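Student: Sharing a structure, written as structure tokens. Questions coming.
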Amino acid sequence: MYDEAGDGYAAVAEWDDLDSTRSGSCVNKLSAGSVGTCSKNFTEGHTIRLRAALYDSGEPVGTKGAWAEGNA
């Protein structure tokens, strides 16, 4: 995730594996202008959905992005 805003919030990608019970988030707590990465080792062939969000101290802030789906 790329955090382009110096707003004090963490850039987050929330995810769900629609073919299992796995879900979670990938959080970029680095400063503005930084790119954060995560490795979740998704199962091949599973459908994964992602959406963008902002977090403040582990809690969602504001409106979340729309879900986007794709295959792992």
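Convention: chains lettered A, B, ... in structure tokens order; per-chain residue numbering from 1; ligands numbered from 1 as shown.
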Which residues, written as a CSV table (one decimal) with all heavy atoms, in the first residue's frame, have at least one atom at most 7 Å from Ala32 of chain A, with only C-alpha atoms counted and residues fewer than 4 positions away on the same chain left out?
Tutor:
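Output contents, as saved in result_30.csv:
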chain,number,residue,atom,x,y,z
A,3,ASP,N,1.0,5.1,0.9
A,3,ASP,CA,0.4,6.1,1.8
A,3,ASP,C,0.9,7.5,1.3
A,3,ASP,O,2.0,7.9,1.5
A,3,ASP,CB,0.8,5.9,3.2
A,3,ASP,CG,0.1,6.9,4.2
A,3,ASP,OD1,-0.6,7.8,3.7
A,3,ASP,OD2,0.3,6.7,5.4
A,4,GLU,N,0.0,8.2,0.6
A,4,GLU,CA,0.4,9.5,0.0
A,4,GLU,C,0.0,10.7,0.8
A,4,GLU,O,0.5,11.8,0.6
A,4,GLU,CB,-0.2,9.6,-1.4
A,4,GLU,CG,-1.7,9.7,-1.5
A,4,GLU,CD,-2.2,9.8,-2.9
A,4,GLU,OE1,-1.6,9.4,-3.8
A,4,GLU,OE2,-3.3,10.4,-3.0
A,5,ALA,N,-0.8,10.5,1.8
A,5,ALA,CA,-1.3,11.6,2.6
A,5,ALA,C,-0.6,11.7,4.0
A,5,ALA,O,-0.5,10.7,4.7
A,5,ALA,CB,-2.8,11.5,2.8
A,6,GLY,N,-0.2,12.9,4.3
A,6,GLY,CA,0.4,13.1,5.6
A,6,GLY,C,-0.6,13.5,6.7
A,6,GLY,O,-0.6,14.5,7.3
Student: Using only C-alpha atoms, can you tell me which of A:Ala72, A:Leu18, A:Val35, A:Ala66 comes closest to Ala52 of chain A?
Tutor: A:Ala66
Student: List as number ranges by chain the protein and nucleic acid residues near Ala13 of chain A, meaning an atom at most 10 Å away when only C-alpha atoms are counted, but skip any in the same chain fewer than 4 places from it.
Tutor: A: 1, 24-28, 37-38, 49-54, 64-65
Student: With C-alpha atoms retained, write the just-selected residues as a PDB file, in the first residue's frame.
Tutor:
ATOM      1  CA  MET A   1       0.000   0.000   0.000  1.00  0.00           C
ATOM      2  CA  GLY A  24      -7.437  -9.758   7.759  1.00  0.00           C
ATOM      3  CA  SER A  25      -5.626  -6.577   6.905  1.00  0.00           C
ATOM      4  CA  CYS A  26      -2.263  -5.349   5.734  1.00  0.00           C
ATOM      5  CA  VAL A  27      -1.291  -2.109   7.490  1.00  0.00           C
ATOM      6  CA  ASN A  28       1.255   0.490   6.353  1.00  0.00           C
ATOM      7  CA  THR A  37       3.965  -4.607   1.679  1.00  0.00           C
ATOM      8  CA  CYS A  38       2.611  -7.801   3.229  1.00  0.00           C
ATOM      9  CA  ARG A  49     -11.291  -9.473  -2.236  1.00  0.00           C
ATOM     10  CA  LEU A  50      -9.533  -6.274  -1.135  1.00  0.00           C
ATOM     11  CA  ARG A  51     -10.547  -2.774  -0.153  1.00  0.00           C
ATOM     12  CA  ALA A  52      -8.697   0.338   0.948  1.00  0.00           C
ATOM     13  CA  ALA A  53      -9.192   1.825   4.398  1.00  0.00           C
ATOM     14  CA  LEU A  54      -7.635   4.264   6.856  1.00  0.00           C
ATOM     15  CA  LYS A  64     -13.792   2.454   3.305  1.00  0.00           C
ATOM     16  CA  GLY A  65     -13.204   1.812  -0.392  1.00  0.00           C
TER      17      GLY A  65
END
Student: Quick one: of A:Thr63, A:Ser34, A:Ser57, A:Thr43, who's nearest to Ser20 of chain A, counting only C-alpha atoms?
Tutor: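 Counting only C-alpha atoms, the residue closest to Ser20 of chain A is A:Thr43.
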Student: Within chain A, find each residue whose DSSP state, derived from the backbone, is strand (DSSP E or B), and express the selection as a ChimeraX atom specification.
Tutor: /A:2-3,10-17,23-28,34-35,47-56,59-61,68-71
Student: Write the residues of the selection above to a file with N, CA, C and O atoms, as a compact mmCIF listing (two decimals), in the first residue's frame.
Tutor:
# COMPACT_ATOMS: atom_id res chain seq x y z
N TYR A 2 0.44 2.21 -0.77
CA TYR A 2 1.13 3.48 -0.84
C TYR A 2 0.35 4.49 -0.01
O TYR A 2 -0.84 4.68 -0.22
N ASP A 3 1.03 5.11 0.93
CA ASP A 3 0.42 6.13 1.78
C ASP A 3 0.88 7.48 1.26
O ASP A 3 2.02 7.88 1.47
N ALA A 10 -2.94 5.38 9.19
CA ALA A 10 -2.27 4.27 8.51
C ALA A 10 -3.07 3.88 7.28
O ALA A 10 -4.30 3.79 7.32
N ALA A 11 -2.36 3.63 6.16
CA ALA A 11 -3.00 3.12 4.94
C ALA A 11 -3.16 1.61 5.10
O ALA A 11 -2.21 0.91 5.48
N VAL A 12 -4.35 1.10 4.82
CA VAL A 12 -4.67 -0.31 5.09
C VAL A 12 -5.35 -0.95 3.89
O VAL A 12 -6.17 -0.32 3.22
N ALA A 13 -5.00 -2.20 3.62
CA ALA A 13 -5.74 -3.03 2.66
C ALA A 13 -6.42 -4.13 3.47
O ALA A 13 -5.74 -4.97 4.07
N GLU A 14 -7.73 -4.10 3.54
CA GLU A 14 -8.49 -5.17 4.20
C GLU A 14 -8.74 -6.26 3.17
O GLU A 14 -8.99 -5.96 2.01
N TRP A 15 -8.68 -7.53 3.58
CA TRP A 15 -8.85 -8.63 2.63
C TRP A 15 -9.70 -9.75 3.22
O TRP A 15 -9.75 -9.92 4.43
N ASP A 16 -10.36 -10.47 2.34
CA ASP A 16 -11.12 -11.68 2.67
C ASP A 16 -10.80 -12.74 1.64
O ASP A 16 -10.78 -12.46 0.44
N ASP A 17 -10.56 -13.97 2.08
CA ASP A 17 -10.46 -15.13 1.18
C ASP A 17 -11.88 -15.70 1.11
O ASP A 17 -12.36 -16.29 2.08
N SER A 23 -9.43 -13.97 6.79
CA SER A 23 -9.61 -12.55 6.49
C SER A 23 -8.60 -11.79 7.34
O SER A 23 -8.04 -12.32 8.29
N GLY A 24 -8.38 -10.54 6.98
CA GLY A 24 -7.44 -9.76 7.76
C GLY A 24 -7.15 -8.43 7.10
O GLY A 24 -7.92 -7.94 6.28
N SER A 25 -6.01 -7.86 7.46
CA SER A 25 -5.63 -6.58 6.91
C SER A 25 -4.11 -6.50 6.80
O SER A 25 -3.39 -7.22 7.48
N CYS A 26 -3.67 -5.65 5.93
CA CYS A 26 -2.26 -5.35 5.73
C CYS A 26 -2.13 -3.85 6.01
O CYS A 26 -2.77 -3.04 5.34
N VAL A 27 -1.34 -3.49 7.00
CA VAL A 27 -1.29 -2.11 7.49
C VAL A 27 0.07 -1.48 7.18
O VAL A 27 1.11 -2.07 7.50
N ASN A 28 0.05 -0.29 6.59
CA ASN A 28 1.26 0.49 6.35
C ASN A 28 1.28 1.60 7.40
O ASN A 28 0.58 2.59 7.28
N SER A 34 5.38 6.64 1.69
CA SER A 34 6.01 5.32 1.83
C SER A 34 5.13 4.22 1.24
O SER A 34 3.92 4.36 1.14
N VAL A 35 5.79 3.12 0.86
CA VAL A 35 5.09 1.95 0.34
C VAL A 35 5.27 0.82 1.36
O VAL A 35 6.38 0.52 1.77
N THR A 47 -10.60 -17.04 -4.45
CA THR A 47 -11.00 -15.68 -4.77
C THR A 47 -10.74 -14.81 -3.54
O THR A 47 -11.21 -15.11 -2.45
N ILE A 48 -9.97 -13.76 -3.77
CA ILE A 48 -9.61 -12.82 -2.70
C ILE A 48 -10.23 -11.47 -3.03
O ILE A 48 -10.22 -11.03 -4.17
N ARG A 49 -10.80 -10.83 -2.01
CA ARG A 49 -11.29 -9.47 -2.24
C ARG A 49 -10.51 -8.52 -1.33
O ARG A 49 -10.10 -8.88 -0.23
N LEU A 50 -10.30 -7.30 -1.83
CA LEU A 50 -9.53 -6.27 -1.13
C LEU A 50 -10.30 -4.96 -1.15
O LEU A 50 -11.07 -4.69 -2.07
N ARG A 51 -10.05 -4.14 -0.13
CA ARG A 51 -10.55 -2.77 -0.15
C ARG A 51 -9.60 -1.89 0.65
O ARG A 51 -8.93 -2.34 1.58
N ALA A 52 -9.55 -0.64 0.27
CA ALA A 52 -8.70 0.34 0.95
C ALA A 52 -9.42 0.90 2.16
O ALA A 52 -10.64 1.05 2.17
N ALA A 53 -8.63 1.22 3.19
CA ALA A 53 -9.19 1.82 4.40
C ALA A 53 -8.11 2.67 5.07
O ALA A 53 -6.93 2.54 4.76
N LEU A 54 -8.54 3.51 6.00
CA LEU A 54 -7.63 4.26 6.86
C LEU A 54 -7.88 3.83 8.29
O LEU A 54 -9.03 3.64 8.69
N TYR A 55 -6.80 3.68 9.05
CA TYR A 55 -6.92 3.29 10.45
C TYR A 55 -6.21 4.32 11.33
O TYR A 55 -5.20 4.90 10.92
N ASP A 56 -6.71 4.49 12.53
CA ASP A 56 -6.08 5.32 13.55
C ASP A 56 -6.02 4.48 14.82
O ASP A 56 -7.07 4.12 15.36
N GLU A 59 -8.15 1.32 14.69
CA GLU A 59 -9.58 1.46 14.46
C GLU A 59 -9.83 2.13 13.10
O GLU A 59 -9.17 3.11 12.76
N PRO A 60 -10.83 1.63 12.33
CA PRO A 60 -11.15 2.25 11.04
C PRO A 60 -11.59 3.70 11.20
O PRO A 60 -12.24 4.07 12.18
N VAL A 61 -11.21 4.53 10.21
CA VAL A 61 -11.56 5.95 10.20
C VAL A 61 -12.23 6.27 8.87
O VAL A 61 -11.71 5.91 7.81
N ALA A 68 -12.83 -5.04 -4.26
CA ALA A 68 -12.38 -5.50 -5.58
C ALA A 68 -11.98 -6.97 -5.42
O ALA A 68 -11.35 -7.34 -4.43
N GLU A 69 -12.37 -7.81 -6.38
CA GLU A 69 -12.10 -9.26 -6.29
C GLU A 69 -11.13 -9.70 -7.37
O GLU A 69 -11.09 -9.12 -8.45
N GLY A 70 -10.38 -10.76 -7.05
CA GLY A 70 -9.48 -11.37 -8.01
C GLY A 70 -9.08 -12.75 -7.51
O GLY A 70 -9.39 -13.13 -6.38
N ASN A 71 -8.41 -13.51 -8.34
CA ASN A 71 -7.97 -14.86 -7.96
C ASN A 71 -6.52 -14.85 -7.51
O ASN A 71 -5.70 -14.15 -8.10
Student: Rounded to one decimal place, report the atom CA of Arg22 of chain A-atom CA of Tyr9 of chain A distance in Å.
Tutor: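 Rounded to one decimal, the two atoms are 24.9 Å apart.
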